[in-house]
>>> print(open('input18.csv').read())   # CSV, C-alpha atoms
chain,number,residue,atom,x,y,z
U,1,MET,CA,-35.8,36.3,-35.8
U,2,PRO,CA,-32.4,34.6,-35.3
U,3,VAL,CA,-31.2,32.9,-38.4
U,4,ILE,CA,-28.4,30.3,-39.0
U,5,ILE,CA,-25.9,31.9,-41.4
U,6,GLN,CA,-23.2,29.1,-41.3
U,7,ILE,CA,-22.7,25.5,-40.2
U,8,ARG,CA,-19.2,24.1,-40.1
U,9,ALA,CA,-17.6,21.0,-38.7
U,10,ASP,CA,-15.6,21.3,-35.5
U,11,ASP,CA,-12.0,20.4,-36.6
U,12,GLN,CA,-10.9,19.7,-33.1
U,13,HIS,CA,-13.8,17.4,-32.1
U,14,ASN,CA,-15.2,14.8,-34.3
U,15,GLY,CA,-19.0,14.6,-34.4
U,16,TYR,CA,-19.5,18.3,-33.4
U,17,TYR,CA,-20.5,21.3,-35.4
U,18,GLU,CA,-20.2,25.1,-34.9
U,19,ILE,CA,-23.5,26.8,-35.6
U,20,VAL,CA,-23.2,30.5,-36.4
U,21,VAL,CA,-26.4,32.4,-35.6
U,22,LYS,CA,-27.2,36.0,-36.5
U,23,GLN,CA,-29.6,37.5,-34.0
U,24,ALA,CA,-32.3,40.1,-34.7
U,25,ASP,CA,-30.0,42.9,-33.5
U,26,ASP,CA,-27.3,41.6,-35.9
U,27,GLN,CA,-25.1,40.2,-33.1
U,28,ILE,CA,-23.3,37.0,-34.0
U,29,VAL,CA,-23.5,33.9,-31.8
U,30,THR,CA,-21.4,30.8,-32.3
U,31,LEU,CA,-22.7,27.6,-30.8
U,32,ASN,CA,-21.1,24.2,-30.5
U,33,VAL,CA,-23.6,21.3,-30.9
U,34,SER,CA,-23.3,17.6,-31.4
U,35,GLU,CA,-24.3,15.8,-34.6
U,36,ASP,CA,-27.4,14.3,-33.0
U,37,VAL,CA,-28.6,17.7,-32.0
U,38,LEU,CA,-28.0,19.0,-35.5
U,39,VAL,CA,-30.0,16.2,-37.1
U,40,HIS,CA,-32.7,16.1,-34.5
U,41,ASN,CA,-33.4,19.8,-34.8
U,42,GLU,CA,-32.9,19.7,-38.6
U,43,LEU,CA,-30.5,22.7,-38.4
U,44,ARG,CA,-29.3,24.1,-41.7
U,45,LYS,CA,-28.0,27.3,-43.2
U,46,GLY,CA,-30.7,29.9,-43.7
U,47,LEU,CA,-33.0,28.4,-41.1
U,48,GLU,CA,-34.9,30.9,-38.9
U,49,ILE,CA,-35.2,29.8,-35.3
U,50,THR,CA,-37.2,31.2,-32.4
U,51,ASP,CA,-35.6,32.9,-29.4
U,52,HIS,CA,-36.7,29.9,-27.3
U,53,GLN,CA,-34.8,27.5,-29.7
U,54,LEU,CA,-31.8,29.8,-29.6
U,55,MET,CA,-31.8,29.6,-25.8
U,56,SER,CA,-32.2,25.9,-25.9
U,57,LEU,CA,-29.3,25.5,-28.3
U,58,SER,CA,-27.2,27.9,-26.2
U,59,SER,CA,-27.8,25.7,-23.1
U,60,GLU,CA,-26.9,22.6,-25.1
U,61,ALA,CA,-23.7,24.3,-26.3
U,62,GLU,CA,-22.7,25.2,-22.8
U,63,ASN,CA,-23.2,21.6,-21.7
U,64,VAL,CA,-21.1,20.5,-24.7
U,65,LYS,CA,-18.3,22.9,-23.7
U,66,ALA,CA,-18.2,21.2,-20.2
U,67,TYR,CA,-18.2,17.8,-21.9
U,68,LEU,CA,-15.4,18.6,-24.3
U,69,ALA,CA,-13.3,20.2,-21.5
U,70,ALA,CA,-13.7,16.9,-19.6
U,71,ILE,CA,-12.7,15.0,-22.7
U,72,HIS,CA,-9.5,17.1,-23.0
U,73,TYR,CA,-8.8,16.5,-19.2
U,74,LEU,CA,-9.2,12.8,-19.7
U,75,SER,CA,-6.9,12.7,-22.8
U,76,TYR,CA,-3.8,12.8,-20.5
U,77,ARG,CA,-4.8,9.8,-18.3
U,78,MET,CA,-7.7,8.1,-16.7
U,79,ARG,CA,-9.5,10.1,-14.0
U,80,SER,CA,-12.0,9.4,-11.2
U,81,CYS,CA,-15.4,10.9,-11.4
U,82,GLN,CA,-14.5,13.2,-8.5
U,83,GLU,CA,-11.3,14.4,-10.2
U,84,VAL,CA,-13.3,15.4,-13.4
U,85,LYS,CA,-15.9,17.0,-11.3
U,86,ASN,CA,-13.3,19.1,-9.4
U,87,TYR,CA,-11.6,20.1,-12.6
U,88,LEU,CA,-14.9,21.3,-14.1
U,89,LYS,CA,-15.7,23.2,-11.0
U,90,LYS,CA,-12.3,25.0,-11.1
U,91,LYS,CA,-13.2,25.9,-14.7
U,92,GLU,CA,-16.3,27.5,-13.3
U,93,TYR,CA,-18.9,25.3,-15.1
U,94,SER,CA,-22.3,25.3,-13.6
U,95,THR,CA,-23.7,22.3,-11.7
U,96,GLU,CA,-26.1,21.5,-14.6
U,97,GLN,CA,-23.2,21.5,-17.1
U,98,ILE,CA,-21.0,19.3,-14.8
U,99,ASP,CA,-23.9,16.8,-14.3
U,100,TYR,CA,-24.4,16.7,-18.1
U,101,ALA,CA,-20.7,16.1,-18.8
U,102,LEU,CA,-20.4,13.4,-16.1
U,103,THR,CA,-23.6,11.6,-17.1
U,104,ARG,CA,-22.6,11.5,-20.7
U,105,LEU,CA,-19.0,10.4,-20.1
U,106,GLN,CA,-20.3,7.6,-17.8
U,107,LYS,CA,-22.8,6.5,-20.4
U,108,GLU,CA,-20.1,6.4,-23.1
U,109,GLY,CA,-17.8,4.4,-20.8
U,110,LEU,CA,-15.2,7.1,-20.7
U,111,LEU,CA,-15.6,7.6,-17.0
U,112,ASP,CA,-15.8,4.6,-14.7
U,113,ASP,CA,-14.5,4.6,-11.2
U,114,HIS,CA,-14.2,0.8,-11.1
U,115,ALA,CA,-12.0,0.8,-14.2
U,116,PHE,CA,-10.1,3.8,-12.9
U,117,ALA,CA,-9.3,2.1,-9.6
U,118,ALA,CA,-8.2,-1.1,-11.2
U,119,ALA,CA,-5.9,0.7,-13.6
U,120,PHE,CA,-4.6,2.9,-10.8
U,121,VAL,CA,-3.6,-0.2,-8.7
U,122,ARG,CA,-1.9,-1.8,-11.7
U,123,THR,CA,0.1,1.3,-12.5
U,124,ARG,CA,1.2,1.7,-8.9
U,125,ILE,CA,2.3,-2.0,-8.8
U,126,GLN,CA,4.3,-1.5,-12.0
U,127,LEU,CA,5.9,1.9,-11.2
U,128,SER,CA,6.3,2.1,-7.4
U,129,THR,CA,7.0,0.1,-4.2
U,130,LYS,CA,3.9,1.4,-2.5
U,131,GLY,CA,1.9,-1.1,-0.4
U,132,PRO,CA,-1.8,-1.7,-0.8
U,133,LYS,CA,-2.9,0.5,2.1
U,134,MET,CA,-1.1,3.5,0.7
U,135,ILE,CA,-2.7,2.9,-2.7
U,136,TYR,CA,-6.1,2.5,-1.0
U,137,ARG,CA,-5.6,5.9,0.7
U,138,GLU,CA,-4.6,7.5,-2.6
U,139,LEU,CA,-7.8,6.1,-4.2
U,140,LEU,CA,-9.8,7.7,-1.5
U,141,GLN,CA,-8.0,11.0,-2.0
U,142,ALA,CA,-8.8,10.8,-5.7
U,143,GLY,CA,-12.5,10.7,-4.7
U,144,VAL,CA,-13.1,7.0,-5.3
U,145,ASP,CA,-15.8,5.4,-3.2
U,146,GLN,CA,-14.5,3.4,-0.2
U,147,GLU,CA,-16.2,0.2,-1.4
U,148,ILE,CA,-14.6,0.5,-4.9
U,149,ALA,CA,-11.2,1.3,-3.3
U,150,GLU,CA,-11.4,-1.8,-1.2
U,151,GLU,CA,-12.3,-4.0,-4.2
U,152,ALA,CA,-9.3,-2.5,-6.1
U,153,GLU,CA,-7.0,-3.2,-3.2
U,154,GLU,CA,-7.6,-6.9,-3.6
U,155,LEU,CA,-6.0,-6.8,-7.1
U,156,TYR,CA,-2.6,-6.5,-5.4
U,157,PRO,CA,-1.1,-10.0,-5.3
U,158,VAL,CA,0.7,-11.1,-2.1
U,159,GLU,CA,3.8,-12.0,-4.1
U,160,ASP,CA,4.0,-8.5,-5.5
U,161,GLN,CA,3.5,-7.1,-2.1
U,162,LEU,CA,6.4,-9.1,-0.7
U,163,ASP,CA,8.6,-8.2,-3.7
U,164,HIS,CA,7.9,-4.5,-3.3
U,165,ALA,CA,8.3,-4.6,0.5
U,166,ARG,CA,11.7,-6.2,0.1
U,167,LYS,CA,12.8,-3.6,-2.4
U,168,TYR,CA,11.6,-0.7,-0.2
U,169,LEU,CA,13.2,-2.3,2.8
U,170,ARG,CA,16.6,-2.6,1.1
U,171,LYS,CA,16.6,1.1,0.4
U,172,LYS,CA,15.9,1.9,4.0
U,173,LEU,CA,18.5,-0.2,5.6
U,174,THR,CA,21.0,2.7,5.6
U,175,SER,CA,18.8,4.5,8.1
U,176,VAL,CA,19.7,1.8,10.7
U,177,LYS,CA,23.0,0.4,9.5
U,178,ASN,CA,25.6,0.3,12.3
U,179,LYS,CA,23.6,2.8,14.3
U,180,LYS,CA,20.6,1.0,15.9
U,181,SER,CA,20.0,-2.0,18.2
U,182,LEU,CA,18.0,-4.9,16.8
U,183,LEU,CA,15.0,-3.7,18.8
U,184,GLU,CA,15.2,-0.1,17.5
U,185,ALA,CA,16.1,-1.2,14.0
U,186,THR,CA,13.1,-3.5,13.9
U,187,GLN,CA,10.8,-0.8,15.2
U,188,ILE,CA,12.0,1.8,12.7
U,189,LEU,CA,11.9,-0.5,9.7
U,190,SER,CA,8.5,-1.8,10.7
U,191,ARG,CA,7.1,1.7,11.0
U,192,LEU,CA,8.5,2.7,7.6
U,193,LEU,CA,7.0,-0.4,5.9
U,194,MET,CA,3.6,0.2,7.5
U,195,GLN,CA,3.7,3.8,6.6
U,196,ARG,CA,4.4,2.7,3.0
U,197,GLY,CA,1.1,0.8,3.1
U,198,PHE,CA,2.2,-2.8,3.9
U,199,SER,CA,0.2,-4.9,6.4
U,200,ARG,CA,1.7,-6.1,9.7
U,201,GLU,CA,1.9,-9.7,8.3
U,202,ILE,CA,3.9,-8.6,5.2
U,203,THR,CA,6.1,-6.4,7.4
U,204,VAL,CA,6.9,-9.1,9.9
U,205,ARG,CA,7.7,-11.6,7.1
U,206,VAL,CA,10.2,-9.4,5.2
U,207,ILE,CA,11.9,-8.2,8.3
U,208,GLY,CA,12.2,-11.8,9.5
U,209,GLU,CA,14.1,-12.5,6.2
U,210,ILE,CA,16.9,-10.1,7.3
U,211,SER,CA,17.4,-11.4,10.8
U,212,GLU,CA,21.0,-12.2,10.2
U,213,PHE,CA,21.7,-8.7,9.0
U,214,LEU,CA,20.0,-7.2,12.0
U,215,ALA,CA,21.9,-9.4,14.5
U,216,GLU,CA,25.2,-8.4,13.0
U,217,ASN,CA,24.1,-4.8,12.7
U,218,GLU,CA,23.3,-4.8,16.4
U,219,GLN,CA,26.9,-5.8,17.3
U,220,ASN,CA,28.3,-3.0,15.1
U,221,ALA,CA,25.9,-0.5,16.5
U,222,LEU,CA,26.7,-1.5,20.1
U,223,ALA,CA,30.4,-0.9,19.5
U,224,TYR,CA,29.6,2.5,17.8
U,225,LEU,CA,27.1,3.7,20.3
U,226,GLY,CA,29.1,2.3,23.2
U,227,GLU,CA,32.1,4.4,22.2
U,228,LYS,CA,29.8,7.4,21.8
U,229,ALA,CA,28.4,6.9,25.3
U,230,MET,CA,31.8,6.5,26.9
U,231,GLN,CA,32.9,9.8,25.3
U,232,LYS,CA,29.7,11.5,26.5
U,233,TYR,CA,30.2,10.4,30.1
U,234,LYS,CA,34.0,10.5,30.3
U,235,LYS,CA,33.9,13.1,33.1
U,236,TYR,CA,32.4,10.4,35.3
U,237,SER,CA,34.4,7.5,36.8
U,238,GLY,CA,34.0,4.1,38.4
U,239,ASP,CA,30.6,2.7,39.0
U,240,GLU,CA,28.9,6.0,38.1
U,241,PHE,CA,30.6,6.0,34.7
U,242,LEU,CA,29.5,2.4,34.1
U,243,GLN,CA,26.0,3.0,35.2
U,244,LYS,CA,25.6,6.1,32.9
U,245,VAL,CA,26.9,4.1,29.9
U,246,LYS,CA,24.8,1.1,30.7
U,247,SER,CA,21.6,3.2,31.0
U,248,PHE,CA,22.3,5.0,27.8
U,249,LEU,CA,22.8,1.8,25.8
U,250,TYR,CA,19.8,0.1,27.5
U,251,ARG,CA,17.5,3.0,26.4
U,252,LYS,CA,18.7,2.3,22.9
U,253,GLY,CA,17.3,-1.2,23.1
U,254,PHE,CA,20.4,-3.3,23.5
U,255,PRO,CA,20.1,-6.4,25.7
U,256,LEU,CA,21.5,-6.0,29.2
U,257,SER,CA,23.7,-9.1,28.7
U,258,ASP,CA,25.4,-7.6,25.6
U,259,ILE,CA,25.9,-4.3,27.4
U,260,THR,CA,27.5,-6.0,30.3
U,261,SER,CA,29.8,-7.9,28.0
U,262,PHE,CA,30.8,-4.8,26.2
U,263,LEU,CA,31.6,-2.9,29.4
U,264,GLU,CA,33.6,-5.9,30.7
U,265,ASP,CA,35.7,-5.9,27.6
U,266,HIS,CA,36.2,-2.2,27.9
U,267,THR,CA,37.3,-2.6,31.6
U,268,ASN,CA,39.6,-5.5,30.8
U,269,GLN,CA,41.3,-3.5,28.0
U,270,ASN,CA,41.9,-0.5,30.3
U,271,GLU,CA,43.3,-2.8,33.0
U,272,SER,CA,45.7,-4.4,30.5
>>> encode(input="input18.csv", output="structure tokens")
Amino acid sequence: MPVIIQIRADDQHNGYYEIVVKQADDQIVTLNVSEDVLVHNELRKGLEITDHQLMSLSSEAENVKAYLAAIHYLSYRMRSCQEVKNYLKKKEYSTEQIDYALTRLQKEGLLDDHAFAAAFVRTRIQLSTKGPKMIYRELLQAGVDQEIAEEAEELYPVEDQLDHARKYLRKKLTSVKNKKSLLEATQILSRLLMQRGFSREITVRVIGEISEFLAENEQNALAYLGEKAMQKYKKYSGDEFLQKVKSFLYRKGFPLSDITSFLEDHTNQNES
């Protein structure tokens, strides 16, 4: 019969023991079991166990391996249940072992999607300028249930949303500076903010705060693109030239009255 020839504490995992078993064919098997299993089964050095007991302990040991692998994975940062499950699958643990690990971790409070989602939102608020919708999508990608993700999204204060939207907007102003009409600039910046996860309400509010910049920027852009258009269509003359330039600038979103004023100034300069 199999016999336990050594029991030693697992130095790497508190509360776990390595059970060394010598089988009837003299093969040595080392099992990792928890303290409660050790006590419950009254395991000790020299104890003879049945083949059925050995199989049961082996199954327990494999479950513990999955559990300890998950503990190691969680030691770096909090994870969602789905992330831990995917990790254990990649490590080729069985469904039974994964279920054991997840159930035990949840019972011990080490795996909780509500706590994970809340911490995830707080971290994103502290370390990024991402809006709540982007964070919500990231939670879903991490395998968090939709309802939990929606609850976590509500932990993002409006003032923080406005602050982060403003910071992100300032970084993106170079993409429209002196190159876009007010209409185009507004469309581009709105799209960027909404792609970043901010709501339409937050987007409209922070863009409204830079209305003076956008108005001045439009005049600079009109001068820049107007010169560019005149170079592009310089082979034309008269009304055809004016119409080509006017159409080009109109497609860029500039008001017709501003385009007309720009062309009148250009014509007056040429005549003088």
>>> atom_distance(input="input18.csv", atom1="CA of Glu184 (chain U)", atom2="CA of Ala165 (chain U)")
18.9 Å
>>> residues_around(input="input18.csv", residues="Gln219 (chain U)", least_positions_apart="4", cutoff="9 Å", atoms="all atoms listed in the file", output="PyMOL selection string")
chain U and resi 178+181-182+214-215+223-224+258
>>> residues_around(input="input18.csv", residues="Arg137 (chain U)", least_positions_apart="5", cutoff="12 Å", atoms="all atoms listed in the file", output="VMD selection string")
chain U and resid 117 120 to 121 130 to 132 142 to 146 148 to 150 152 to 153 195 to 197
>>> residues_around(input="input18.csv", residues="Met230 (chain U)", least_positions_apart="5", cutoff="9 Å", atoms="all atoms listed in the file", output="PyMOL selection string")
chain U and resi 225+241-242+244-245
>>> atom_distance(input="input18.csv", atom1="CA of Ile5 (chain U)", atom2="CA of His40 (chain U)")
18.5 Å
>>> residues_around(input="input18.csv", residues="region 199-213 of chain U", least_positions_apart="2", cutoff="8 Å", atoms="all atoms listed in the file", output="mmCIF file with C-alpha atoms, keeping the file's coordinate frame")
data_model
loop_
_atom_site.group_PDB
_atom_site.id
_atom_site.type_symbol
_atom_site.label_atom_id
_atom_site.label_comp_id
_atom_site.auth_asym_id
_atom_site.auth_seq_id
_atom_site.Cartn_x
_atom_site.Cartn_y
_atom_site.Cartn_z
ATOM 1 C CA GLY U 131 1.900 -1.100 -0.400
ATOM 2 C CA LYS U 133 -2.900 0.500 2.100
ATOM 3 C CA GLN U 161 3.500 -7.100 -2.100
ATOM 4 C CA LEU U 162 6.400 -9.100 -0.700
ATOM 5 C CA ALA U 165 8.300 -4.600 0.500
ATOM 6 C CA ARG U 166 11.700 -6.200 0.100
ATOM 7 C CA THR U 186 13.100 -3.500 13.900
ATOM 8 C CA LEU U 189 11.900 -0.500 9.700
ATOM 9 C CA SER U 190 8.500 -1.800 10.700
ATOM 10 C CA LEU U 193 7.000 -0.400 5.900
ATOM 11 C CA MET U 194 3.600 0.200 7.500
ATOM 12 C CA GLY U 197 1.100 0.800 3.100
ATOM 13 C CA ALA U 215 21.900 -9.400 14.500
ATOM 14 C CA GLU U 216 25.200 -8.400 13.000
ATOM 15 C CA ASN U 217 24.100 -4.800 12.700
#
>>> residues_around(input="input18.csv", residues="region 110-115 of chain U", least_positions_apart="3", cutoff="10 Å", atoms="only C-alpha atoms", output="list in words")
Ala70, Ile71, Leu74, Met78, Arg79, Ser80, Cys81, Gln82, Val84, Leu102, Thr103, Arg104, Leu105, Gln106, Lys107, Ala118, Ala119, Phe120, Leu139, Gly143, Val144, Asp145, Glu147, Ile148, Ala149, Glu151 and Ala152 of chain U
>>> closest_residue(input="input18.csv", among="U:Tyr100, U:Tyr136, U:Phe198, U:Tyr76", to="Glu60 (chain U)", atoms="only C-alpha atoms")
U:Tyr100
>>> atom_distance(input="input18.csv", atom1="CA of Met134 (chain U)", atom2="CA of Gln187 (chain U)")
19.2 Å
>>> closest_residue(input="input18.csv", among="U:Ile188, U:Val29, U:Lys235, U:Lys180", to="Tyr250 (chain U)", atoms="only C-alpha atoms")
U:Lys180
>>> axis_aligned_box(input="input18.csv", around="region 134-137 of chain U", padding_each_side="5 Å", output="JSON")
{"center_x": -3.6, "center_y": 4.2, "center_z": -1.0, "size_x": 15.0, "size_y": 13.4, "size_z": 13.4}
>>> closest_residue(input="input18.csv", among="U:Leu31, U:His13, U:Glu42, U:Thr50", to="Ala69 (chain U)", atoms="only C-alpha atoms")
U:His13
>>> closest_residue(input="input18.csv", among="U:Leu140, U:Ile19, U:Leu249, U:Ile125", to="Val33 (chain U)", atoms="only C-alpha atoms")
U:Ile19
